[in-house]
>>> print(open('model.txt').read())   # compact mmCIF, C-alpha atoms
# COMPACT_ATOMS: atom_id res chain seq x y z
CA MET A 280 -4.69 -9.57 -1.76
CA GLU A 281 -7.02 -11.92 -3.55
CA ALA A 282 -10.71 -11.34 -2.85
CA ASP A 283 -11.69 -15.02 -2.58
CA CYS A 284 -8.58 -16.25 -0.76
CA PRO A 285 -9.18 -17.37 2.82
CA PHE A 286 -5.48 -16.96 3.64
CA CYS A 287 -5.51 -13.36 2.37
CA GLU A 288 -8.46 -12.82 4.71
CA ILE A 289 -6.36 -14.13 7.61
CA VAL A 290 -3.50 -11.80 6.63
CA ALA A 291 -5.97 -8.89 6.69
CA GLY A 292 -7.00 -9.80 10.24
CA GLY A 293 -10.24 -11.53 9.34
CA GLY A 294 -11.10 -15.17 9.30
CA ASP A 295 -11.15 -17.48 12.25
CA ALA A 296 -7.45 -18.34 12.52
CA ALA A 297 -5.58 -19.02 15.74
CA GLU A 298 -2.55 -16.90 14.88
CA VAL A 299 0.73 -17.80 16.57
CA TYR A 300 3.26 -15.50 14.85
CA ARG A 301 3.26 -12.47 12.56
CA THR A 302 5.76 -10.21 10.81
CA ASP A 303 5.29 -7.75 7.95
CA GLU A 304 6.12 -10.54 5.47
CA ALA A 305 4.76 -13.74 7.07
CA VAL A 306 1.93 -15.03 9.23
CA ALA A 307 1.71 -18.36 11.07
CA PHE A 308 -1.49 -19.89 12.40
CA LEU A 309 -2.78 -23.26 13.55
CA ASP A 310 -4.19 -25.42 10.76
CA ALA A 311 -7.99 -25.62 11.10
CA SER A 312 -7.81 -29.29 10.06
CA PRO A 313 -4.66 -30.41 11.85
CA ALA A 314 -2.90 -33.71 11.30
CA VAL A 315 -1.47 -33.40 14.84
CA ASP A 316 -1.68 -30.94 17.74
CA GLY A 317 0.35 -27.86 16.87
CA HIS A 318 0.10 -28.36 13.08
CA THR A 319 0.89 -24.84 11.90
CA LEU A 320 0.76 -23.12 8.52
CA VAL A 321 3.19 -20.35 7.62
CA ILE A 322 2.21 -18.07 4.73
CA PRO A 323 3.56 -14.97 3.03
CA THR A 324 1.49 -11.85 3.69
CA SER A 325 1.39 -11.14 -0.04
CA HIS A 326 -0.73 -13.49 -2.14
CA ARG A 327 1.62 -15.93 -3.87
CA GLU A 328 0.70 -19.23 -5.42
CA GLU A 329 4.33 -20.39 -5.30
CA ILE A 330 6.73 -19.70 -2.46
CA THR A 331 9.64 -20.99 -4.54
CA THR A 332 9.28 -18.17 -7.09
CA ALA A 333 8.48 -15.40 -4.61
CA PRO A 334 11.02 -12.58 -4.20
CA VAL A 335 13.97 -13.54 -2.01
CA PRO A 336 12.90 -11.34 0.95
CA THR A 337 9.50 -13.05 0.98
CA ARG A 338 11.04 -16.53 0.89
CA GLN A 339 13.47 -15.59 3.64
CA ALA A 340 10.70 -14.17 5.81
CA VAL A 341 8.54 -17.27 5.42
CA PHE A 342 11.35 -19.67 6.28
CA ASP A 343 12.57 -17.45 9.13
CA ALA A 344 9.00 -17.67 10.46
CA VAL A 345 9.14 -21.48 10.07
CA GLY A 346 12.22 -21.47 12.30
CA HIS A 347 10.59 -19.19 14.86
CA VAL A 348 7.42 -21.31 14.95
CA SER A 349 9.42 -24.53 15.22
CA ASP A 350 11.32 -23.10 18.20
CA ALA A 351 8.04 -22.09 19.87
CA LEU A 352 6.45 -25.49 19.17
CA GLU A 353 9.55 -27.19 20.59
CA GLN A 354 9.14 -25.29 23.85
CA ALA A 355 5.35 -25.63 24.01
CA LEU A 356 4.90 -29.27 23.00
CA ASP A 357 8.30 -31.01 23.37
CA PRO A 358 7.89 -33.08 20.17
CA ASP A 359 10.24 -35.85 19.05
CA GLY A 360 10.93 -33.90 15.85
CA PHE A 361 9.29 -32.00 13.01
CA SER A 362 8.09 -32.49 9.46
CA VAL A 363 8.23 -29.29 7.41
CA PHE A 364 6.96 -29.21 3.85
CA HIS A 365 5.56 -27.11 1.05
CA THR A 366 3.55 -28.42 -1.88
CA SER A 367 2.96 -26.36 -5.00
CA GLY A 368 1.14 -26.42 -8.29
CA PRO A 369 -1.91 -28.61 -8.77
CA LEU A 370 -0.78 -30.74 -5.80
CA VAL A 371 -1.42 -27.91 -3.35
CA GLY A 372 -5.06 -28.72 -2.72
CA ARG A 373 -7.95 -26.33 -2.35
CA ILE A 374 -6.06 -23.15 -1.35
CA ASP A 375 -3.77 -21.53 -3.89
CA HIS A 376 -2.00 -19.21 -1.42
CA ALA A 377 1.49 -20.59 -0.82
CA HIS A 378 1.93 -22.18 2.60
CA VAL A 379 4.45 -24.22 4.53
CA HIS A 380 3.27 -26.93 6.92
CA VAL A 381 5.08 -27.31 10.25
CA LEU A 382 4.10 -30.53 12.03
CA PRO A 383 5.47 -31.34 15.47
CA ARG A 384 5.98 -35.09 15.45
CA SER A 385 5.96 -37.95 17.91
CA GLY A 386 6.88 -41.54 17.30
CA ASP A 387 3.29 -42.70 17.68
CA ASP A 388 1.44 -39.96 15.75
CA GLY A 389 0.48 -42.28 12.89
CA ILE A 390 1.69 -39.86 10.19
CA SER A 391 3.65 -41.27 7.30
CA LEU A 392 5.48 -38.95 4.97
CA SER A 393 7.71 -41.71 3.69
CA LEU A 394 8.96 -41.60 0.12
CA GLU A 395 9.61 -44.53 -2.13
CA ARG A 396 13.34 -44.57 -2.73
CA ASP A 397 15.58 -45.84 -5.48
CA SER A 398 19.34 -45.76 -5.95
CA LEU A 399 20.95 -42.92 -7.90
CA GLU A 400 23.63 -44.16 -10.25
CA ALA A 401 26.75 -41.98 -10.59
CA GLU A 402 26.17 -41.20 -14.28
CA ARG A 403 22.55 -40.16 -13.69
CA ALA A 404 23.61 -38.11 -10.65
CA GLU A 405 26.15 -36.17 -12.70
CA THR A 406 23.67 -35.60 -15.54
CA LEU A 407 21.03 -34.27 -13.13
CA ALA A 408 23.55 -32.19 -11.20
CA GLU A 409 24.80 -30.58 -14.41
CA ARG A 410 21.26 -29.75 -15.55
CA ILE A 411 20.53 -28.16 -12.19
CA ARG A 412 23.84 -26.24 -12.06
CA SER A 413 23.33 -24.89 -15.57
CA ASN A 414 19.97 -23.43 -14.47
CA SER A 415 21.17 -21.99 -11.15
>>> encode(input="model.txt", output="structure tokens")
Amino acid sequence: MEADCPFCEIVAGGGDAAEVYRTDEAVAFLDASPAVDGHTLVIPTSHREEITTAPVPTRQAVFDAVGHVSDALEQALDPDGFSVFHTSGPLVGRIDHAHVHVLPRSGDDGISLSLERDSLEAERAETLAERIRSNS
């Protein structure tokens, strides 16, 4: 637990979070500044700045919780689909406790998570794939 971390406070049972799911390894609660109704954050119960480098059981627990929350949101809100994402490093914003966003989506919600795309040439694809494989 980190003393100044608001998400650690939520894990400890404090804070003002509307909790929707909890296990020993993960907690899910409604985002206090939601992009859409049902916008939920899923966090590990241990303070981690990066979910991608957390121990495997922690990663599994967080993403199992994402699945559980998505199922519950599906039943509760009947969305058209979901956007699920995690941002890390200096891009994460003001809270350095790893978290995954689960956003129930509708066609008219005004959210754009579009990415600029380019084509991936075969030679570049093989070079990248080899670099990734050699570090797996």
>>> residues_around(input="model.txt", residues="A:Phe364", least_positions_apart="3", cutoff="8 Å", atoms="all atoms listed in the file", output="PDB file with C-alpha atoms, keeping the file's coordinate frame")
ATOM      1  CA  VAL A 379       4.450 -24.220   4.530  1.00  0.00           C
ATOM      2  CA  HIS A 380       3.270 -26.930   6.920  1.00  0.00           C
ATOM      3  CA  VAL A 381       5.080 -27.310  10.250  1.00  0.00           C
TER       4      VAL A 381
END
>>> residues_around(input="model.txt", residues="stretch 384-387 of chain A", least_positions_apart="2", cutoff="7 Å", atoms="all atoms listed in the file", output="list in words")
Pro358, Asp359, Gly360, Phe361, Ser362, Leu382 and Gly389 of chain A
>>> write_last_selection(input="model.txt", atoms="C-alpha atoms", output="compact mmCIF listing (two decimals), in the frame of the given file")
# COMPACT_ATOMS: atom_id res chain seq x y z
CA PRO A 358 7.89 -33.08 20.17
CA ASP A 359 10.24 -35.85 19.05
CA GLY A 360 10.93 -33.90 15.85
CA PHE A 361 9.29 -32.00 13.01
CA SER A 362 8.09 -32.49 9.46
CA LEU A 382 4.10 -30.53 12.03
CA GLY A 389 0.48 -42.28 12.89
>>> atom_distance(input="model.txt", atom1="atom CA of A:Cys284", atom2="atom CA of A:Ala344")
20.9 Å
>>> residues_around(input="model.txt", residues="A:Arg327", least_positions_apart="3", cutoff="12 Å", atoms="all atoms listed in the file", output="PyMOL selection string")
chain A and resi 280-281+284+286-287+304-305+322-324+330-334+337-338+341+367-368+374-378
>>> atom_distance(input="model.txt", atom1="atom CA of A:Asp388", atom2="atom CA of A:Ala296")
23.6 Å
